[in-house]
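Have a look at my_file29.pdb below; it lists PDB, C-alpha atoms, pLDDT in the B column.
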ATOM      1  CA  MET A 700       4.243 111.185 -65.502  1.00 48.00           C
ATOM      2  CA  ASN A 701       3.495 109.588 -68.822  1.00 52.00           C
ATOM      3  CA  VAL A 702      -0.069 108.442 -69.205  1.00 53.00           C
ATOM      4  CA  PRO A 703      -0.308 105.674 -71.767  1.00 52.00           C
ATOM      5  CA  ILE A 704      -2.223 106.949 -74.750  1.00 59.00           C
ATOM      6  CA  LYS A 705      -4.241 104.715 -76.977  1.00 69.00           C
ATOM      7  CA  ILE A 706      -3.879 105.521 -80.643  1.00 74.00           C
ATOM      8  CA  PRO A 707      -7.290 106.495 -81.980  1.00 87.00           C
ATOM      9  CA  ASP A 708      -8.919 103.751 -84.008  1.00 91.00           C
ATOM     10  CA  THR A 709      -9.195 104.403 -87.701  1.00 95.00           C
ATOM     11  CA  LYS A 710     -12.046 103.202 -89.836  1.00 97.00           C
ATOM     12  CA  ASN A 711     -12.811 103.763 -93.481  1.00 98.00           C
ATOM     13  CA  ILE A 712     -16.044 105.277 -94.653  1.00 97.00           C
ATOM     14  CA  LEU A 713     -16.087 102.968 -97.671  1.00 95.00           C
ATOM     15  CA  ALA A 714     -15.713  99.823 -95.547  1.00 95.00           C
ATOM     16  CA  ASP A 715     -18.441  97.496 -94.326  1.00 92.00           C
ATOM     17  CA  ILE A 716     -20.811  98.103 -97.195  1.00 92.00           C
ATOM     18  CA  PRO A 717     -22.915  95.042 -97.987  1.00 91.00           C
ATOM     19  CA  VAL A 718     -22.995  93.901-101.608  1.00 87.00           C
ATOM     20  CA  GLN A 719     -26.775  93.837-101.551  1.00 88.00           C
ATOM     21  CA  LEU A 720     -28.485  97.046-100.528  1.00 91.00           C
ATOM     22  CA  PRO A 721     -32.231  96.464-100.548  1.00 91.00           C
ATOM     23  CA  GLU A 722     -32.648  99.682 -98.567  1.00 93.00           C
ATOM     24  CA  GLU A 723     -30.493 102.715 -97.904  1.00 94.00           C
ATOM     25  CA  LEU A 724     -27.939 101.982 -95.203  1.00 96.00           C
ATOM     26  CA  PHE A 725     -27.650 104.375 -92.237  1.00 96.00           C
ATOM     27  CA  THR A 726     -24.616 103.973 -89.966  1.00 97.00           C
ATOM     28  CA  SER A 727     -23.929 106.140 -86.948  1.00 97.00           C
ATOM     29  CA  LEU A 728     -20.260 107.212 -86.841  1.00 97.00           C
ATOM     30  CA  LEU A 729     -20.277 109.588 -83.865  1.00 97.00           C
ATOM     31  CA  ARG A 730     -23.068 110.764 -81.610  1.00 97.00           C
ATOM     32  CA  ASN A 731     -22.876 113.145 -78.680  1.00 96.00           C
ATOM     33  CA  ASP A 732     -25.041 115.841 -77.092  1.00 96.00           C
ATOM     34  CA  LYS A 733     -24.061 118.374 -79.768  1.00 96.00           C
ATOM     35  CA  PHE A 734     -24.408 116.528 -83.052  1.00 97.00           C
ATOM     36  CA  HIS A 735     -24.684 113.181 -84.769  1.00 98.00           C
ATOM     37  CA  ILE A 736     -22.417 112.159 -87.644  1.00 98.00           C
ATOM     38  CA  GLU A 737     -23.979 109.554 -89.880  1.00 98.00           C
ATOM     39  CA  ARG A 738     -22.939 107.687 -93.002  1.00 98.00           C
ATOM     40  CA  ILE A 739     -25.624 107.011 -95.558  1.00 97.00           C
ATOM     41  CA  ILE A 740     -25.156 104.623 -98.481  1.00 97.00           C
ATOM     42  CA  SER A 741     -27.505 104.803-101.436  1.00 96.00           C
ATOM     43  CA  ARG A 742     -27.513 102.812-104.646  1.00 96.00           C
ATOM     44  CA  GLY A 743     -30.358 103.770-106.887  1.00 95.00           C
ATOM     45  CA  HIS A 744     -32.503 104.565-103.866  1.00 96.00           C
ATOM     46  CA  ALA A 745     -34.831 107.538-103.955  1.00 95.00           C
ATOM     47  CA  ASN A 746     -37.822 108.866-102.100  1.00 95.00           C
ATOM     48  CA  ALA A 747     -41.252 108.259-103.520  1.00 94.00           C
ATOM     49  CA  LYS A 748     -42.990 111.203-105.156  1.00 92.00           C
ATOM     50  CA  ASN A 749     -44.380 113.460-102.419  1.00 91.00           C
ATOM     51  CA  GLU A 750     -42.308 111.673 -99.752  1.00 95.00           C
ATOM     52  CA  TRP A 751     -40.465 114.518 -98.030  1.00 96.00           C
ATOM     53  CA  TYR A 752     -37.935 114.823 -95.262  1.00 95.00           C
ATOM     54  CA  ASP A 753     -39.125 117.527 -92.858  1.00 96.00           C
ATOM     55  CA  GLN A 754     -36.586 117.536 -90.042  1.00 95.00           C
ATOM     56  CA  ASP A 755     -36.702 119.297 -86.695  1.00 96.00           C
ATOM     57  CA  HIS A 756     -32.944 119.890 -86.862  1.00 96.00           C
ATOM     58  CA  ASP A 757     -30.363 121.334 -89.215  1.00 96.00           C
ATOM     59  CA  GLU A 758     -28.299 118.969 -91.327  1.00 97.00           C
ATOM     60  CA  TRP A 759     -24.936 119.533 -92.972  1.00 98.00           C
ATOM     61  CA  LEU A 760     -24.518 117.072 -95.790  1.00 98.00           C
ATOM     62  CA  ILE A 761     -21.649 116.131 -98.093  1.00 98.00           C
ATOM     63  CA  LEU A 762     -21.665 113.602-100.905  1.00 98.00           C
ATOM     64  CA  ILE A 763     -18.337 111.782-100.587  1.00 97.00           C
ATOM     65  CA  GLN A 764     -18.787 109.487-103.566  1.00 97.00           C
ATOM     66  CA  GLY A 765     -21.397 108.990-106.262  1.00 97.00           C
ATOM     67  CA  GLU A 766     -24.094 111.153-107.806  1.00 98.00           C
ATOM     68  CA  ALA A 767     -27.503 112.203-106.624  1.00 98.00           C
ATOM     69  CA  VAL A 768     -30.360 114.570-107.321  1.00 98.00           C
ATOM     70  CA  LEU A 769     -32.247 116.355-104.554  1.00 97.00           C
ATOM     71  CA  GLU A 770     -35.587 118.112-104.757  1.00 95.00           C
ATOM     72  CA  PHE A 771     -36.596 120.959-102.464  1.00 94.00           C
ATOM     73  CA  SER A 772     -40.236 121.665-101.763  1.00 92.00           C
ATOM     74  CA  GLY A 773     -41.648 124.580-103.685  1.00 87.00           C
ATOM     75  CA  GLN A 774     -38.734 124.701-106.084  1.00 87.00           C
ATOM     76  CA  ARG A 775     -39.134 123.632-109.652  1.00 85.00           C
ATOM     77  CA  ALA A 776     -35.415 123.140-110.236  1.00 87.00           C
ATOM     78  CA  LEU A 777     -33.761 119.962-109.029  1.00 93.00           C
ATOM     79  CA  LYS A 778     -30.297 120.055-107.519  1.00 95.00           C
ATOM     80  CA  LYS A 779     -27.753 117.648-108.948  1.00 97.00           C
ATOM     81  CA  LEU A 780     -24.948 116.658-106.586  1.00 97.00           C
ATOM     82  CA  GLN A 781     -21.569 115.265-107.520  1.00 97.00           C
ATOM     83  CA  ALA A 782     -18.820 113.864-105.348  1.00 97.00           C
ATOM     84  CA  GLY A 783     -17.522 116.541-102.993  1.00 98.00           C
ATOM     85  CA  ASP A 784     -20.656 118.687-103.062  1.00 98.00           C
ATOM     86  CA  TYR A 785     -21.872 119.829 -99.662  1.00 98.00           C
ATOM     87  CA  LEU A 786     -24.783 121.890 -98.403  1.00 97.00           C
ATOM     88  CA  LEU A 787     -26.609 122.962 -95.268  1.00 97.00           C
ATOM     89  CA  ILE A 788     -30.256 121.922 -95.079  1.00 96.00           C
ATOM     90  CA  PRO A 789     -32.003 124.014 -92.423  1.00 95.00           C
ATOM     91  CA  ALA A 790     -34.632 122.510 -90.161  1.00 95.00           C
ATOM     92  CA  HIS A 791     -38.011 122.182 -91.866  1.00 94.00           C
ATOM     93  CA  CYS A 792     -36.554 122.778 -95.293  1.00 94.00           C
ATOM     94  CA  ARG A 793     -38.563 120.018 -96.919  1.00 95.00           C
ATOM     95  CA  HIS A 794     -36.512 117.936 -99.312  1.00 95.00           C
ATOM     96  CA  ARG A 795     -36.390 114.534-100.918  1.00 96.00           C
ATOM     97  CA  VAL A 796     -33.938 112.387-102.813  1.00 97.00           C
ATOM     98  CA  GLU A 797     -35.122 112.310-106.420  1.00 97.00           C
ATOM     99  CA  TRP A 798     -32.384 110.010-107.738  1.00 97.00           C
ATOM    100  CA  THR A 799     -29.120 108.315-106.843  1.00 97.00           C
ATOM    101  CA  ASP A 800     -26.800 106.562-109.248  1.00 97.00           C
ATOM    102  CA  PRO A 801     -27.968 102.931-109.642  1.00 95.00           C
ATOM    103  CA  ASP A 802     -24.566 101.789-110.902  1.00 95.00           C
ATOM    104  CA  MET A 803     -22.420 102.718-107.914  1.00 94.00           C
ATOM    105  CA  GLN A 804     -22.669 103.332-104.213  1.00 95.00           C
ATOM    106  CA  SER A 805     -23.320 106.933-103.307  1.00 97.00           C
ATOM    107  CA  VAL A 806     -21.750 107.678 -99.928  1.00 97.00           C
ATOM    108  CA  TRP A 807     -23.091 110.574 -97.865  1.00 98.00           C
ATOM    109  CA  LEU A 808     -21.746 112.050 -94.686  1.00 98.00           C
ATOM    110  CA  ALA A 809     -24.426 113.857 -92.667  1.00 98.00           C
ATOM    111  CA  VAL A 810     -23.940 115.989 -89.570  1.00 98.00           C
ATOM    112  CA  HIS A 811     -27.271 116.387 -87.760  1.00 98.00           C
ATOM    113  CA  PHE A 812     -27.391 119.098 -85.116  1.00 97.00           C
TER     114      PHE A 812
ATOM    115  CA  MET B 679     -49.428 130.250 -96.680  1.00 47.00           C
ATOM    116  CA  ASN B 680     -46.431 129.308 -98.714  1.00 52.00           C
ATOM    117  CA  VAL B 681     -43.214 130.817 -97.452  1.00 53.00           C
ATOM    118  CA  PRO B 682     -40.700 131.064-100.279  1.00 52.00           C
ATOM    119  CA  ILE B 683     -37.829 128.706 -99.575  1.00 59.00           C
ATOM    120  CA  LYS B 684     -34.366 129.358-100.835  1.00 69.00           C
ATOM    121  CA  ILE B 685     -32.638 126.252-102.135  1.00 73.00           C
ATOM    122  CA  PRO B 686     -29.556 125.640-100.009  1.00 86.00           C
ATOM    123  CA  ASP B 687     -26.355 126.678-101.736  1.00 91.00           C
ATOM    124  CA  THR B 688     -24.107 123.858-102.802  1.00 95.00           C
ATOM    125  CA  LYS B 689     -20.339 124.101-102.820  1.00 97.00           C
ATOM    126  CA  ASN B 690     -17.721 121.507-103.629  1.00 98.00           C
ATOM    127  CA  ILE B 691     -15.012 120.565-101.187  1.00 97.00           C
ATOM    128  CA  LEU B 692     -12.527 120.200-104.051  1.00 95.00           C
ATOM    129  CA  ALA B 693     -13.232 123.693-105.395  1.00 95.00           C
ATOM    130  CA  ASP B 694     -11.300 126.879-104.726  1.00 92.00           C
ATOM    131  CA  ILE B 695      -7.949 125.217-104.173  1.00 92.00           C
ATOM    132  CA  PRO B 696      -5.055 127.416-105.285  1.00 91.00           C
ATOM    133  CA  VAL B 697      -2.508 125.838-107.603  1.00 87.00           C
ATOM    134  CA  GLN B 698       0.302 126.951-105.346  1.00 88.00           C
ATOM    135  CA  LEU B 699       0.075 125.863-101.724  1.00 91.00           C
ATOM    136  CA  PRO B 700       3.053 127.298 -99.864  1.00 91.00           C
ATOM    137  CA  GLU B 701       1.281 126.460 -96.608  1.00 93.00           C
ATOM    138  CA  GLU B 702      -1.558 124.184 -95.615  1.00 94.00           C
ATOM    139  CA  LEU B 703      -4.902 125.783 -96.429  1.00 96.00           C
ATOM    140  CA  PHE B 704      -7.566 125.985 -93.706  1.00 96.00           C
ATOM    141  CA  THR B 705     -11.098 126.922 -94.772  1.00 97.00           C
ATOM    142  CA  SER B 706     -14.038 127.213 -92.405  1.00 97.00           C
ATOM    143  CA  LEU B 707     -17.126 125.533 -93.865  1.00 97.00           C
ATOM    144  CA  LEU B 708     -19.581 125.832 -90.972  1.00 97.00           C
ATOM    145  CA  ARG B 709     -19.201 127.261 -87.501  1.00 97.00           C
ATOM    146  CA  ASN B 710     -21.767 127.460 -84.726  1.00 96.00           C
ATOM    147  CA  ASP B 711     -21.834 127.221 -80.932  1.00 96.00           C
ATOM    148  CA  LYS B 712     -21.646 123.419 -81.048  1.00 96.00           C
ATOM    149  CA  PHE B 713     -18.884 122.655 -83.536  1.00 97.00           C
ATOM    150  CA  HIS B 714     -16.728 123.936 -86.341  1.00 98.00           C
ATOM    151  CA  ILE B 715     -16.383 122.123 -89.673  1.00 98.00           C
ATOM    152  CA  GLU B 716     -13.154 122.907 -91.434  1.00 98.00           C
ATOM    153  CA  ARG B 717     -11.535 121.875 -94.696  1.00 98.00           C
ATOM    154  CA  ILE B 718      -7.786 121.392 -94.662  1.00 97.00           C
ATOM    155  CA  ILE B 719      -5.721 121.012 -97.825  1.00 97.00           C
ATOM    156  CA  SER B 720      -2.220 119.573 -97.607  1.00 96.00           C
ATOM    157  CA  ARG B 721       0.260 118.861-100.359  1.00 96.00           C
ATOM    158  CA  GLY B 722       3.485 117.487 -99.012  1.00 95.00           C
ATOM    159  CA  HIS B 723       3.038 119.511 -95.822  1.00 96.00           C
ATOM    160  CA  ALA B 724       4.019 118.021 -92.506  1.00 95.00           C
ATOM    161  CA  ASN B 725       4.768 119.152 -88.986  1.00 95.00           C
ATOM    162  CA  ALA B 726       8.346 119.596 -87.946  1.00 94.00           C
ATOM    163  CA  LYS B 727       9.811 116.935 -85.700  1.00 92.00           C
ATOM    164  CA  ASN B 728       8.592 117.530 -82.149  1.00 91.00           C
ATOM    165  CA  GLU B 729       5.925 119.946 -83.381  1.00 95.00           C
ATOM    166  CA  TRP B 730       2.726 118.610 -81.834  1.00 96.00           C
ATOM    167  CA  TYR B 731      -0.924 119.524 -81.922  1.00 95.00           C
ATOM    168  CA  ASP B 732      -2.235 119.538 -78.358  1.00 96.00           C
ATOM    169  CA  GLN B 733      -5.821 120.680 -78.609  1.00 95.00           C
ATOM    170  CA  ASP B 734      -8.262 121.673 -75.895  1.00 96.00           C
ATOM    171  CA  HIS B 735     -11.117 120.136 -77.841  1.00 96.00           C
ATOM    172  CA  ASP B 736     -12.028 116.853 -79.519  1.00 96.00           C
ATOM    173  CA  GLU B 737     -11.646 116.559 -83.261  1.00 97.00           C
ATOM    174  CA  TRP B 738     -13.309 114.149 -85.652  1.00 98.00           C
ATOM    175  CA  LEU B 739     -11.249 113.903 -88.809  1.00 98.00           C
ATOM    176  CA  ILE B 740     -11.740 112.252 -92.188  1.00 98.00           C
ATOM    177  CA  LEU B 741      -9.328 112.175 -95.109  1.00 98.00           C
ATOM    178  CA  ILE B 742     -11.507 112.737 -98.155  1.00 97.00           C
ATOM    179  CA  GLN B 743      -8.734 112.501-100.741  1.00 97.00           C
ATOM    180  CA  GLY B 744      -5.008 111.805-100.708  1.00 97.00           C
ATOM    181  CA  GLU B 745      -2.668 110.000 -98.349  1.00 98.00           C
ATOM    182  CA  ALA B 746      -1.118 110.988 -95.047  1.00 98.00           C
ATOM    183  CA  VAL B 747       0.778 109.652 -92.075  1.00 98.00           C
ATOM    184  CA  LEU B 748       0.026 110.742 -88.512  1.00 97.00           C
ATOM    185  CA  GLU B 749       2.157 110.291 -85.425  1.00 95.00           C
ATOM    186  CA  PHE B 750       0.734 110.099 -81.913  1.00 94.00           C
ATOM    187  CA  SER B 751       2.854 111.083 -78.945  1.00 92.00           C
ATOM    188  CA  GLY B 752       4.267 108.155 -77.038  1.00 87.00           C
ATOM    189  CA  GLN B 753       3.498 105.689 -79.787  1.00 87.00           C
ATOM    190  CA  ARG B 754       6.246 104.189 -81.872  1.00 85.00           C
ATOM    191  CA  ALA B 755       3.931 103.115 -84.675  1.00 87.00           C
ATOM    192  CA  LEU B 756       2.865 105.686 -87.216  1.00 93.00           C
ATOM    193  CA  LYS B 757      -0.666 105.671 -88.591  1.00 95.00           C
ATOM    194  CA  LYS B 758      -1.048 105.714 -92.356  1.00 97.00           C
ATOM    195  CA  LEU B 759      -4.277 107.186 -93.645  1.00 97.00           C
ATOM    196  CA  GLN B 760      -5.855 106.613 -97.023  1.00 97.00           C
ATOM    197  CA  ALA B 761      -8.839 108.264 -98.631  1.00 97.00           C
ATOM    198  CA  GLY B 762     -11.964 107.583 -96.606  1.00 97.00           C
ATOM    199  CA  ASP B 763     -10.177 106.906 -93.321  1.00 98.00           C
ATOM    200  CA  TYR B 764     -11.643 108.688 -90.312  1.00 98.00           C
ATOM    201  CA  LEU B 765     -10.799 108.870 -86.631  1.00 97.00           C
ATOM    202  CA  LEU B 766     -11.626 110.691 -83.422  1.00 97.00           C
ATOM    203  CA  ILE B 767      -8.727 112.561 -81.823  1.00 96.00           C
ATOM    204  CA  PRO B 768      -9.599 113.324 -78.195  1.00 95.00           C
ATOM    205  CA  ALA B 769      -8.582 116.597 -76.591  1.00 95.00           C
ATOM    206  CA  HIS B 770      -4.940 116.602 -75.507  1.00 94.00           C
ATOM    207  CA  CYS B 771      -4.118 113.524 -77.535  1.00 94.00           C
ATOM    208  CA  ARG B 772      -0.867 114.945 -78.876  1.00 95.00           C
ATOM    209  CA  HIS B 773      -0.404 114.268 -82.566  1.00 95.00           C
ATOM    210  CA  ARG B 774       1.408 115.554 -85.583  1.00 96.00           C
ATOM    211  CA  VAL B 775       1.329 115.143 -89.335  1.00 97.00           C
ATOM    212  CA  GLU B 776       4.415 113.159 -90.293  1.00 97.00           C
ATOM    213  CA  TRP B 777       3.801 113.143 -94.041  1.00 97.00           C
ATOM    214  CA  THR B 778       1.296 114.023 -96.723  1.00 97.00           C
ATOM    215  CA  ASP B 779       1.489 113.023-100.365  1.00 97.00           C
ATOM    216  CA  PRO B 780       3.590 115.621-102.216  1.00 95.00           C
ATOM    217  CA  ASP B 781       2.112 114.648-105.596  1.00 95.00           C
ATOM    218  CA  MET B 782      -1.534 115.375-104.952  1.00 94.00           C
ATOM    219  CA  GLN B 783      -3.774 117.445-102.731  1.00 95.00           C
ATOM    220  CA  SER B 784      -4.800 115.705 -99.569  1.00 97.00           C
ATOM    221  CA  VAL B 785      -8.222 116.973 -98.519  1.00 97.00           C
ATOM    222  CA  TRP B 786      -9.255 116.681 -94.869  1.00 98.00           C
ATOM    223  CA  LEU B 787     -12.595 117.380 -93.283  1.00 98.00           C
ATOM    224  CA  ALA B 788     -12.310 118.178 -89.575  1.00 98.00           C
ATOM    225  CA  VAL B 789     -15.140 118.599 -87.081  1.00 98.00           C
ATOM    226  CA  HIS B 790     -13.869 120.433 -84.000  1.00 98.00           C
ATOM    227  CA  PHE B 791     -16.118 120.305 -80.954  1.00 97.00           C
TER     228      PHE B 791
END
As structure tokens, what does this structure read like?
Amino acid sequence: MNVPIKIPDTKNILADIPVQLPEELFTSLLRNDKFHIERIISRGHANAKNEWYDQDHDEWLILIQGEAVLEFSGQRALKKLQAGDYLLIPAHCRHRVEWTDPDMQSVWLAVHF
Amino acid sequence: MNVPIKIPDTKNILADIPVQLPEELFTSLLRNDKFHIERIISRGHANAKNEWYDQDHDEWLILIQGEAVLEFSGQRALKKLQAGDYLLIPAHCRHRVEWTDPDMQSVWLAVHF
């Protein structure tokens, strides 16, 4: 018996980005009981000084497009990210976005788990 | 008490790609009990006719770089993918790679779960 199969829908991670980005744009791509895949679009956005992410969960993060600089709490050195760079940020590893390129959209893919 | 924090290591998804790719290259980026993130590099690789993937698990897939064509079992239409395209391939949705660009590396990021 042949069960009709629906071709999976395809979307593009660079689509549906508004021209104006007054704030960072968070878009959920896939969420289930194991993890949450999220797209984040930045354009010149950054955290304020002393504004830290301190998450209860681990996060795997890749910068698909653009450039960014992250700061990690207690570390003097900043971490510059270029397109294709990925890293695992463990839970409660306090971090903040120091800088993102103001001249282009930086596109992140985050897997929260 | 300040616990010393190690800055997360950063790697690049376009790094460590051999010049010669006689076969597709599969590299595990992160594996835990919830999912497995894998990088796949193709350059002109494709499945043979009637060679199908029929997986027991769901797979979320994004083409980071390159171009590819997928075929889904029972569907006449092929699905062309360009950089940034992503899709969810449910378990037992039989599919195969019909074509990948022979002139550049196609870089996939797959989340198996």
- request: Could you check how far atom CA of B:Asp779 sits from atom CA of B:Leu739, in Å to one decimal?
  value: 17.2 Å
- prompt: Do you know which residues the PyMOL selection byres ((chain B and resi 700-710) around 10) returns on this file, as a VMD selection string?
  reply: (chain A and resid 759 785 to 787) or (chain B and resid 689 691 694 to 699 711 to 724 784 to 791)
task: For chain A, report every residue with an atom at most 9 Å from chain B (counting only C-alpha atoms), formatted as a PyMOL selection string.
output: chain A and resi 701-714+729+733-734+759+761+763+771-774+778+780-789+792+812
field: Gap from atom CA of B:Val747 to atom CA of B:His735 - Å, one decimal
entry: 21.3 Å
- prompt: Could you state the separation of atom CA of B:Leu748 and atom CA of B:Tyr731 in Å, given to one decimal place?
  reply: 11.0 Å
